[in-house]
>>> print(open('my_file.cif').read())   # mmCIF, C-alpha atoms and all ligand atoms
data_target
loop_
_atom_site.label_atom_id
_atom_site.label_comp_id
_atom_site.auth_asym_id
_atom_site.auth_seq_id
_atom_site.Cartn_x
_atom_site.Cartn_y
_atom_site.Cartn_z
CA MET A 1 -1.08 3.03 -22.18
CA LYS A 2 1.40 2.73 -19.33
CA ARG A 3 1.03 -0.23 -17.01
CA VAL A 4 0.54 0.20 -13.25
CA PHE A 5 1.06 -2.46 -10.59
CA SER A 6 0.69 -2.25 -6.82
CA GLY A 7 -0.12 -4.46 -3.88
CA VAL A 8 -1.46 -4.39 -0.35
CA GLN A 9 -0.88 -7.04 2.30
CA PRO A 10 -3.97 -8.76 3.72
CA THR A 11 -2.74 -8.33 7.27
CA GLY A 12 -5.48 -6.29 8.93
CA ASN A 13 -7.72 -3.33 8.52
CA ILE A 14 -6.68 -0.85 5.88
CA HIS A 15 -6.07 2.54 7.47
CA LEU A 16 -5.91 6.17 6.37
CA GLY A 17 -2.14 5.86 5.79
CA ASN A 18 -2.63 3.02 3.30
CA TYR A 19 -5.51 4.88 1.68
CA LEU A 20 -3.97 8.34 1.37
CA GLY A 21 -0.46 7.05 0.59
CA ALA A 22 -1.35 4.39 -1.94
CA LEU A 23 -4.94 3.31 -2.53
CA LYS A 24 -6.31 6.71 -3.48
CA GLN A 25 -3.82 6.84 -6.33
CA PHE A 26 -4.97 3.40 -7.50
CA VAL A 27 -8.40 4.82 -8.25
CA GLU A 28 -7.10 7.95 -9.99
CA LEU A 29 -4.71 5.98 -12.22
CA GLN A 30 -7.24 3.56 -13.65
CA ASN A 31 -8.71 6.07 -16.12
CA ASP A 32 -5.59 6.47 -18.21
CA HIS A 33 -3.44 3.46 -17.29
CA GLU A 34 -3.68 -0.30 -17.52
CA CYS A 35 -3.88 -1.13 -13.81
CA ILE A 36 -3.14 -4.35 -11.94
CA TYR A 37 -3.90 -4.41 -8.21
CA CYS A 38 -2.79 -7.35 -6.15
CA ILE A 39 -3.52 -8.69 -2.68
CA VAL A 40 -0.10 -9.91 -1.65
CA ASP A 41 -0.86 -12.89 0.57
CA GLU A 42 2.58 -14.44 0.03
CA HIS A 43 4.12 -11.32 1.53
CA ALA A 44 1.80 -11.59 4.51
CA ILE A 45 3.23 -14.99 5.51
CA THR A 46 6.73 -13.54 6.01
CA VAL A 47 5.44 -13.21 9.58
CA PRO A 48 3.19 -15.82 11.23
CA GLN A 49 -0.51 -15.60 10.25
CA ASP A 50 -3.59 -17.40 11.43
CA PRO A 51 -4.77 -19.25 8.27
CA LYS A 52 -8.49 -18.53 8.85
CA GLU A 53 -7.80 -14.86 9.51
CA LEU A 54 -5.57 -14.61 6.43
CA ARG A 55 -8.33 -15.96 4.15
CA LYS A 56 -10.77 -13.51 5.70
CA HIS A 57 -8.39 -10.58 5.30
CA ILE A 58 -7.81 -11.43 1.61
CA LEU A 59 -11.53 -10.95 0.93
CA ASP A 60 -11.64 -7.87 3.18
CA VAL A 61 -8.93 -6.16 1.13
CA ALA A 62 -10.55 -7.23 -2.16
CA ALA A 63 -13.87 -5.75 -1.03
CA LEU A 64 -12.15 -2.55 0.08
CA TYR A 65 -10.39 -2.21 -3.27
CA ILE A 66 -13.79 -2.19 -4.92
CA ALA A 67 -15.41 -0.06 -2.20
CA ILE A 68 -12.91 2.80 -2.66
CA GLY A 69 -13.67 2.86 -6.38
CA ILE A 70 -11.39 0.41 -8.15
CA ASP A 71 -13.51 -0.83 -11.01
CA PRO A 72 -12.92 -4.53 -11.82
CA LYS A 73 -13.99 -3.85 -15.40
CA LYS A 74 -11.17 -1.35 -15.83
CA SER A 75 -8.52 -2.79 -13.49
CA ILE A 76 -7.33 -6.28 -12.70
CA ILE A 77 -7.83 -7.25 -9.04
CA PHE A 78 -6.34 -10.57 -7.96
CA VAL A 79 -4.62 -12.57 -5.22
CA GLN A 80 -0.84 -13.04 -5.55
CA SER A 81 -0.75 -16.77 -4.70
CA GLN A 82 -3.23 -17.49 -7.52
CA VAL A 83 -0.56 -16.64 -10.10
CA SER A 84 2.43 -18.95 -9.73
CA GLY A 85 4.79 -16.63 -11.62
CA HIS A 86 5.29 -14.49 -8.51
CA ALA A 87 6.95 -17.25 -6.51
CA GLU A 88 8.79 -18.56 -9.57
CA LEU A 89 10.23 -15.20 -10.56
CA GLY A 90 10.90 -14.47 -6.87
CA TRP A 91 13.30 -17.40 -6.81
CA VAL A 92 15.08 -16.34 -10.00
CA LEU A 93 15.54 -12.84 -8.58
CA CYS A 94 16.78 -14.22 -5.24
CA CYS A 95 19.59 -15.74 -7.27
CA ASN A 96 20.35 -12.26 -8.62
CA SER A 97 20.34 -10.27 -5.41
CA TYR A 98 22.80 -10.05 -2.53
CA THR A 99 22.25 -10.68 1.17
CA GLY A 100 24.23 -7.46 1.80
CA GLU A 101 21.76 -5.22 -0.05
CA LEU A 102 18.77 -7.02 1.47
CA SER A 103 20.01 -6.75 5.04
CA ARG A 104 20.47 -2.99 4.52
CA MET A 105 16.73 -2.45 3.88
CA THR A 106 15.18 -0.24 6.57
CA GLN A 107 12.02 -2.37 6.78
CA PHE A 108 14.09 -5.53 7.27
CA LYS A 109 16.09 -3.88 10.03
CA ALA A 110 12.92 -2.65 11.73
CA LYS A 111 11.10 -5.99 11.52
CA SER A 112 14.08 -8.19 12.45
CA GLY A 113 15.69 -5.93 15.05
CA GLY A 114 16.08 -7.44 18.52
CA LYS A 115 14.85 -10.90 17.43
CA GLU A 116 16.86 -14.00 18.19
CA SER A 117 15.91 -15.86 15.03
CA VAL A 118 14.79 -14.09 11.88
CA GLY A 119 12.79 -15.81 9.11
CA THR A 120 14.44 -15.90 5.68
CA GLY A 121 11.21 -14.57 4.16
CA LEU A 122 11.65 -11.28 6.00
CA LEU A 123 15.04 -10.85 4.33
CA THR A 124 13.82 -11.82 0.85
CA TYR A 125 10.50 -9.92 1.16
CA PRO A 126 11.66 -7.08 -1.17
CA VAL A 127 12.84 -9.59 -3.78
CA LEU A 128 9.33 -11.05 -3.96
CA MET A 129 8.04 -7.49 -4.27
CA ALA A 130 10.47 -6.92 -7.16
CA ALA A 131 9.12 -10.11 -8.76
CA ASP A 132 5.52 -8.85 -8.38
CA ILE A 133 6.42 -5.68 -10.23
CA LEU A 134 8.76 -7.06 -12.92
CA LEU A 135 6.43 -9.97 -13.74
CA TYR A 136 4.04 -7.55 -15.48
CA ASP A 137 6.47 -5.30 -17.37
CA THR A 138 5.25 -2.57 -15.01
CA ASP A 139 5.96 1.10 -15.79
CA VAL A 140 4.56 2.78 -12.67
CA VAL A 141 4.25 1.63 -9.03
CA PRO A 142 2.01 3.79 -6.79
CA VAL A 143 3.08 3.32 -3.15
CA GLY A 144 3.64 5.18 0.12
CA ASN A 145 7.01 6.74 0.93
CA ASP A 146 8.01 3.84 3.15
CA GLN A 147 8.38 1.69 0.01
CA LYS A 148 10.84 3.99 -1.77
CA GLN A 149 13.84 1.85 -0.87
CA HIS A 150 12.11 -1.31 -2.11
CA ILE A 151 11.34 0.37 -5.44
CA GLU A 152 14.99 1.40 -5.77
CA LEU A 153 16.04 -2.21 -5.13
CA THR A 154 13.55 -3.43 -7.77
CA ARG A 155 15.12 -1.05 -10.28
CA ASP A 156 18.64 -2.17 -9.32
CA ILE A 157 17.74 -5.83 -9.79
CA ALA A 158 16.01 -5.16 -13.14
CA ILE A 159 19.01 -3.22 -14.46
CA ARG A 160 21.43 -5.87 -13.15
CA VAL A 161 19.56 -8.69 -14.93
CA ASN A 162 19.21 -6.62 -18.12
CA ASN A 163 22.96 -5.95 -18.15
CA LYS A 164 23.85 -9.58 -17.57
CA TYR A 165 21.26 -11.43 -19.68
CA GLY A 166 20.17 -8.80 -22.23
CA LYS A 167 16.97 -6.76 -22.03
CA THR A 168 14.62 -8.85 -19.92
CA PHE A 169 12.70 -6.42 -17.68
CA VAL A 170 11.04 -3.02 -17.92
CA VAL A 171 12.64 -0.73 -15.30
CA PRO A 172 9.72 0.72 -13.28
CA ASP A 173 9.25 4.08 -11.53
CA GLY A 174 7.67 4.65 -8.12
CA ARG A 175 4.79 7.14 -7.82
CA PHE A 176 4.32 8.95 -4.52
CA MET A 177 1.55 11.29 -3.34
CA LYS A 178 2.36 14.88 -2.35
CA ALA A 179 0.11 15.09 0.68
CA GLY A 180 -0.53 11.51 1.80
CA ALA A 181 2.80 9.78 1.15
CA ARG A 182 3.59 9.44 4.83
CA ILE A 183 0.72 9.60 7.31
CA MET A 184 1.92 9.45 10.90
CA ALA A 185 0.39 7.68 13.91
CA LEU A 186 -2.16 9.87 15.71
CA ASP A 187 -0.79 9.02 19.15
CA ASP A 188 2.87 9.28 18.15
CA PRO A 189 3.49 11.51 15.13
CA GLU A 190 7.13 10.46 15.00
CA THR A 191 6.17 6.96 13.74
CA LYS A 192 4.11 6.05 10.68
CA MET A 193 0.48 5.06 10.99
CA SER A 194 0.49 1.27 10.98
CA LYS A 195 -1.89 -1.69 10.92
CA SER A 196 0.10 -3.48 13.55
CA ALA A 197 0.46 -0.80 16.26
CA GLU A 198 -1.15 -1.87 19.53
CA ASN A 199 -3.08 1.32 20.24
CA ILE A 200 -6.18 1.37 18.00
CA HIS A 201 -6.37 5.14 18.42
CA SER A 202 -3.03 5.46 16.64
CA ARG A 203 -4.86 4.90 13.36
CA ILE A 204 -8.18 5.39 11.61
CA SER A 205 -9.27 2.30 9.74
CA LEU A 206 -11.39 2.87 6.65
CA LEU A 207 -14.23 0.91 8.25
CA ASP A 208 -14.14 2.67 11.64
CA GLU A 209 -17.47 3.86 12.98
CA ASP A 210 -18.06 7.60 13.28
CA SER A 211 -17.72 7.48 17.08
CA LYS A 212 -14.32 5.77 16.83
CA ILE A 213 -13.13 8.29 14.21
CA LYS A 214 -14.10 11.10 16.56
CA LYS A 215 -12.43 9.54 19.58
CA SER A 216 -9.15 8.83 17.77
CA ILE A 217 -8.84 12.29 16.22
CA MET A 218 -9.94 14.25 19.32
CA ARG A 219 -7.28 12.51 21.42
CA ALA A 220 -4.51 12.85 18.77
CA THR A 221 -1.18 14.07 20.12
CA THR A 222 -0.42 17.73 19.34
CA ASP A 223 1.80 20.14 21.31
CA SER A 224 1.47 22.88 23.86
CA ASP A 225 2.17 26.09 21.95
CA GLY A 226 -1.37 26.32 20.57
CA GLU A 227 -0.44 27.76 17.17
CA ILE A 228 -1.89 26.09 14.05
CA ARG A 229 0.96 26.02 11.57
CA PHE A 230 2.45 23.43 9.17
CA ASP A 231 5.90 22.56 10.51
CA PRO A 232 6.53 18.79 10.45
CA VAL A 233 9.86 19.08 12.31
CA ASN A 234 8.77 21.19 15.27
CA LYS A 235 5.03 20.45 15.22
CA PRO A 236 4.68 16.88 13.89
CA GLY A 237 1.26 16.22 15.46
CA VAL A 238 -0.51 19.32 14.13
CA SER A 239 1.25 18.99 10.76
CA ASN A 240 0.06 15.39 10.47
CA LEU A 241 -3.56 16.48 11.08
CA LEU A 242 -3.22 19.21 8.45
CA ASN A 243 -1.66 16.74 6.07
CA ILE A 244 -4.55 14.29 6.51
CA TYR A 245 -7.01 17.15 6.02
CA SER A 246 -5.21 18.19 2.84
CA ALA A 247 -5.03 14.65 1.43
CA LEU A 248 -8.71 13.98 2.15
CA THR A 249 -10.03 17.22 0.64
CA GLY A 250 -7.51 17.79 -2.16
CA LYS A 251 -6.90 21.34 -0.83
CA SER A 252 -3.35 22.52 -0.17
CA VAL A 253 -2.38 23.24 3.45
CA ASP A 254 -2.03 26.95 2.57
CA GLU A 255 -5.57 27.00 1.19
CA ILE A 256 -6.88 25.25 4.28
CA LEU A 257 -5.15 27.65 6.66
CA ALA A 258 -6.18 30.73 4.68
CA GLY A 259 -9.86 29.84 4.81
CA GLN A 260 -10.20 29.01 8.52
CA ASN A 261 -10.97 30.86 11.72
CA TRP A 262 -10.05 28.09 14.13
CA ARG A 263 -9.34 29.29 17.65
CA GLY A 264 -7.32 26.27 18.70
CA TYR A 265 -6.44 22.64 18.03
CA GLY A 266 -9.92 21.59 19.18
CA ASP A 267 -11.53 23.40 16.25
CA LEU A 268 -9.10 21.90 13.75
CA LYS A 269 -9.75 18.44 15.17
CA LYS A 270 -13.53 18.84 15.09
CA GLU A 271 -13.46 19.83 11.45
CA LEU A 272 -11.09 17.00 10.59
CA VAL A 273 -13.51 14.58 12.29
CA ALA A 274 -16.31 15.82 10.01
CA VAL A 275 -14.13 15.68 6.88
CA THR A 276 -12.96 12.14 7.70
CA GLN A 277 -16.45 10.87 8.52
CA GLU A 278 -17.76 12.29 5.26
CA ALA A 279 -14.94 10.77 3.19
CA LEU A 280 -15.29 7.31 4.72
CA ALA A 281 -19.12 7.04 4.74
CA PRO A 282 -19.53 6.00 1.06
CA ILE A 283 -16.58 3.58 1.33
CA LYS A 284 -18.20 1.84 4.31
CA GLN A 285 -21.52 1.60 2.53
CA ASN A 286 -20.00 0.17 -0.67
CA TYR A 287 -17.96 -2.27 1.41
CA GLU A 288 -21.02 -3.73 3.13
CA GLU A 289 -22.64 -4.33 -0.25
CA ILE A 290 -19.71 -6.08 -1.90
CA ARG A 291 -18.08 -7.99 0.98
CA GLU A 292 -20.74 -10.71 1.27
CA SER A 293 -21.61 -10.95 -2.40
CA GLU A 294 -20.59 -13.95 -4.51
CA GLU A 295 -19.49 -11.52 -7.16
CA LEU A 296 -16.31 -10.92 -5.15
CA ILE A 297 -14.90 -14.42 -5.69
CA ARG A 298 -15.80 -14.26 -9.37
CA ILE A 299 -13.95 -10.95 -9.73
CA LEU A 300 -10.82 -12.41 -8.08
CA LYS A 301 -10.88 -15.57 -10.23
CA ASP A 302 -11.31 -13.54 -13.39
CA GLY A 303 -8.55 -11.18 -12.21
CA ALA A 304 -6.12 -14.07 -11.65
CA GLU A 305 -6.76 -15.36 -15.18
CA ARG A 306 -6.18 -11.96 -16.71
CA ALA A 307 -3.04 -11.42 -14.60
CA ASN A 308 -1.69 -14.83 -15.54
CA ALA A 309 -2.19 -14.10 -19.24
CA ILE A 310 0.14 -11.10 -18.88
CA ALA A 311 2.63 -12.84 -16.58
CA GLU A 312 3.10 -16.06 -18.55
CA PRO A 313 4.84 -14.52 -21.62
CA VAL A 314 7.13 -12.56 -19.29
CA MET A 315 7.98 -15.75 -17.39
CA LYS A 316 8.68 -17.50 -20.72
CA ARG A 317 11.04 -14.65 -21.63
CA VAL A 318 12.81 -15.05 -18.26
CA ARG A 319 13.15 -18.84 -18.64
CA ASP A 320 14.56 -18.36 -22.15
CA LYS A 321 17.06 -15.70 -21.04
CA PHE A 322 18.29 -17.82 -18.12
CA GLY A 323 18.23 -21.15 -19.95
CA LEU A 324 15.74 -22.70 -17.56
CA GLY A 325 13.75 -25.79 -18.59
CA LEU A 326 13.66 -27.16 -22.11
P1 LIG B 401 1.47 -1.33 8.04
O1 LIG B 401 2.87 -0.92 8.34
O2 LIG B 401 0.50 -0.26 8.33
O3 LIG B 401 1.12 -2.65 8.63
P2 LIG B 401 2.39 -2.04 5.54
O4 LIG B 401 3.33 -0.96 5.09
O5 LIG B 401 2.96 -3.23 6.16
O6 LIG B 401 1.32 -1.43 6.50
P3 LIG B 401 0.73 -2.63 3.19
O7 LIG B 401 -0.65 -2.91 3.60
O8 LIG B 401 1.29 -3.62 2.27
O9 LIG B 401 1.64 -2.52 4.36
O10 LIG B 401 0.81 -1.19 2.55
C1 LIG B 401 0.02 -0.83 1.48
C2 LIG B 401 0.42 0.52 0.99
O11 LIG B 401 0.19 1.52 2.00
C3 LIG B 401 1.90 0.66 0.60
O12 LIG B 401 1.98 1.34 -0.63
C4 LIG B 401 2.50 1.49 1.71
O13 LIG B 401 3.57 2.26 1.25
C5 LIG B 401 1.33 2.36 2.10
N1 LIG B 401 1.42 2.83 3.50
C6 LIG B 401 1.48 2.08 4.62
N2 LIG B 401 1.52 2.85 5.73
C7 LIG B 401 1.49 4.15 5.29
C8 LIG B 401 1.48 5.43 5.94
N3 LIG B 401 1.51 5.53 7.26
N4 LIG B 401 1.44 6.55 5.17
C9 LIG B 401 1.38 6.47 3.82
N5 LIG B 401 1.38 5.29 3.14
C10 LIG B 401 1.43 4.15 3.85
N1 LIG B 402 5.74 -4.13 0.30
C1 LIG B 402 4.52 -3.46 0.07
C2 LIG B 402 3.43 -4.36 -0.45
C3 LIG B 402 3.78 -4.88 -1.79
C4 LIG B 402 3.82 -4.14 -3.00
C5 LIG B 402 4.20 -5.07 -4.01
C6 LIG B 402 3.59 -2.80 -3.31
C7 LIG B 402 4.12 -6.16 -2.11
N2 LIG B 402 4.36 -6.28 -3.43
C8 LIG B 402 4.36 -4.66 -5.34
C9 LIG B 402 3.77 -2.42 -4.66
C10 LIG B 402 4.14 -3.34 -5.65
C11 LIG B 402 4.09 -2.78 1.35
O1 LIG B 402 3.39 -1.87 1.29
N3 LIG B 402 4.45 -3.23 2.49
#
>>> encode(input="my_file.cif", output="structure tokens")
Amino acid sequence: MKRVFSGVQPTGNIHLGNYLGALKQFVELQNDHECIYCIVDEHAITVPQDPKELRKHILDVAALYIAIGIDPKKSIIFVQSQVSGHAELGWVLCCNSYTGELSRMTQFKAKSGGKESVGTGLLTYPVLMAADILLYDTDVVPVGNDQKQHIELTRDIAIRVNNKYGKTFVVPDGRFMKAGARIMALDDPETKMSKSAENIHSRISLLDEDSKIKKSIMRATTDSDGEIRFDPVNKPGVSNLLNIYSALTGKSVDEILAGQNWRGYGDLKKELVAVTQEALAPIKQNYEEIRESEELIRILKDGAERANAIAEPVMKRVRDKFGLGL
């Protein structure tokens, strides 16, 4: 069975972009893969976090993992900082990467741009991500499109180390969704839907109430020509709505357009509201049940033990290859 690894940062409410780009694949993959799903709290602290909020968000993401259908009996769910190999391997890989390649990363440029002083963690963020992945001999990494460059870097580092020290790492592949790989902000379809955008109507969080879902979708930016057609370059707003519709229902955009008699954007939006509310209702219900249960902590502790049992032999291999320790 091929091994899958992915992670989500505990930095706020998970939104439709996270879900349709990454998390939905997590659920699908667990039937025929060995899956490891991480809550990457060490990545979260590359920017300042309130400690109390961070702890809360870790449990929020864990509960959401389970609420969307990740089964802790099939998949490993754990918190990154509970397995020390991530930070340890992160350091080893830092010593095998170049500041030039790291400063060329789009995410680094976006997050550091215009700032007077930039934290080192922002620069080395993708190296820690490479460590997450390589620590488990991962074959497949399901992520959104925005992580493509980081996956490429992970592969480059793995190949570089293998060439220099002999076969040490499995070289992983990214896995990207057709419909949901890049969900755009509802208020500005030129930028990706994000947890950190100021306008709450730019995104739909998985736990949003029905009234909020309706408000955000009904006020989504479209255009003035009134024609419902999939054309991301000229009609990014409408295309984004169709894309979300497609990713939520599993129908292709052609199928959706062929079966409709919408008279305008209002009709498309109303139906998308209904589709979204229906898709999120069971997730919200499951979430309420699991979030406050003691079971959640037990699942994360058990997950960390199982993750560590896979990581430790890989770390031993790395120490041996590099001549670290005794
Ligand atoms: P944000 O920018 O929204 O704060 P993020 O990219 O910092 O989110 P994560 O929570 O770590 O961070 O992302 C989890 C997963 O969601 C990743 O696989 C990422 O590629 C994916 N993802 C994030 N935003 C989108 C989006 N707008 N469309 C599709 N996938 C996305
Ligand atoms: N950088 C990712 C989160 C992340 C990740 C990983 C994803 C950290 N480590 C390992 C896949 C595999 C992001 O979405 N911002």
>>> atom_distance(input="my_file.cif", atom1="atom CA of A:Leu206", atom2="atom CA of A:Glu255")
25.4 Å
>>> residues_near_ligand(input="my_file.cif", ligand="ligand LIG 401 (chain B)", cutoff="9 Å", atoms="all atoms listed in the file", output="MDAnalysis selection string")
chainID A and resid 6:23 39:40 43:44 107 141:148 176:177 180:185 191:197 203
>>> residues_around(input="my_file.cif", residues="A:Asn243", least_positions_apart="5", cutoff="9 Å", atoms="all atoms listed in the file", output="tab-separated table (two decimals) with C-alpha atoms, keeping the file's coordinate frame")
chain	number	residue	atom	x	y	z
A	179	ALA	CA	0.11	15.09	0.68
A	180	GLY	CA	-0.53	11.51	1.80
A	183	ILE	CA	0.72	9.60	7.31
A	230	PHE	CA	2.45	23.43	9.17
A	238	VAL	CA	-0.51	19.32	14.13
A	248	LEU	CA	-8.71	13.98	2.15
A	252	SER	CA	-3.35	22.52	-0.17
A	253	VAL	CA	-2.38	23.24	3.45
>>> atom_distance(input="my_file.cif", atom1="atom CA of A:Leu59", atom2="atom CA of A:Glu198")
23.2 Å
>>> atom_distance(input="my_file.cif", atom1="atom CA of A:Gln82", atom2="atom CA of A:Asp302")
10.7 Å
>>> closest_residue(input="my_file.cif", among="A:Glu312, A:Asp132, A:Asp173, A:Glu292", to="ligand LIG 402 (chain B)", atoms="all atoms listed in the file")
A:Asp132
>>> residues_around(input="my_file.cif", residues="A:Ile256", least_positions_apart="4", cutoff="9 Å", atoms="all atoms listed in the file", output="list of chain:residue names")
A:Leu242, A:Tyr245, A:Ser246, A:Lys251, A:Ser252, A:Gln260
>>> write_last_selection(input="my_file.cif", atoms="C-alpha atoms", output="PDB file, in the coordinates of the input")
ATOM      1  CA  LEU A 242      -3.220  19.210   8.450  1.00  0.00           C
ATOM      2  CA  TYR A 245      -7.010  17.150   6.020  1.00  0.00           C
ATOM      3  CA  SER A 246      -5.210  18.190   2.840  1.00  0.00           C
ATOM      4  CA  LYS A 251      -6.900  21.340  -0.830  1.00  0.00           C
ATOM      5  CA  SER A 252      -3.350  22.520  -0.170  1.00  0.00           C
ATOM      6  CA  GLN A 260     -10.200  29.010   8.520  1.00  0.00           C
TER       7      GLN A 260
END
>>> residues_around(input="my_file.cif", residues="A:Ser81", least_positions_apart="2", cutoff="8 Å", atoms="only C-alpha atoms", output="PyMOL selection string")
chain A and resi 40-42+79+83-84+86-87
>>> write_last_selection(input="my_file.cif", atoms="C-alpha atoms", output="compact mmCIF listing (two decimals), keeping the file's coordinate frame")
# COMPACT_ATOMS: atom_id res chain seq x y z
CA VAL A 40 -0.10 -9.91 -1.65
CA ASP A 41 -0.86 -12.89 0.57
CA GLU A 42 2.58 -14.44 0.03
CA VAL A 79 -4.62 -12.57 -5.22
CA VAL A 83 -0.56 -16.64 -10.10
CA SER A 84 2.43 -18.95 -9.73
CA HIS A 86 5.29 -14.49 -8.51
CA ALA A 87 6.95 -17.25 -6.51
>>> closest_residue(input="my_file.cif", among="A:Leu123, A:Ala279, A:Val233, A:Leu186", to="A:Lys215", atoms="only C-alpha atoms")
A:Leu186
>>> residues_near_point(input="my_file.cif", point="(-7.2, -14.2, -13.5)", cutoff="9 Å", atoms="only C-alpha atoms", output="PyMOL selection string")
chain A and resi 76-79+82-83+299-309
>>> residues_around(input="my_file.cif", residues="A:Val47", least_positions_apart="6", cutoff="9 Å", atoms="only C-alpha atoms", output="number ranges by chain")
A: 119, 121-122
>>> write_last_selection(input="my_file.cif", atoms="C-alpha atoms", output="short mmCIF file (atom, residue, chain, number, x, y, z; two decimals), in the coordinates of the input")
data_model
loop_
_atom_site.label_atom_id
_atom_site.label_comp_id
_atom_site.auth_asym_id
_atom_site.auth_seq_id
_atom_site.Cartn_x
_atom_site.Cartn_y
_atom_site.Cartn_z
CA GLY A 119 12.79 -15.81 9.11
CA GLY A 121 11.21 -14.57 4.16
CA LEU A 122 11.65 -11.28 6.00
#
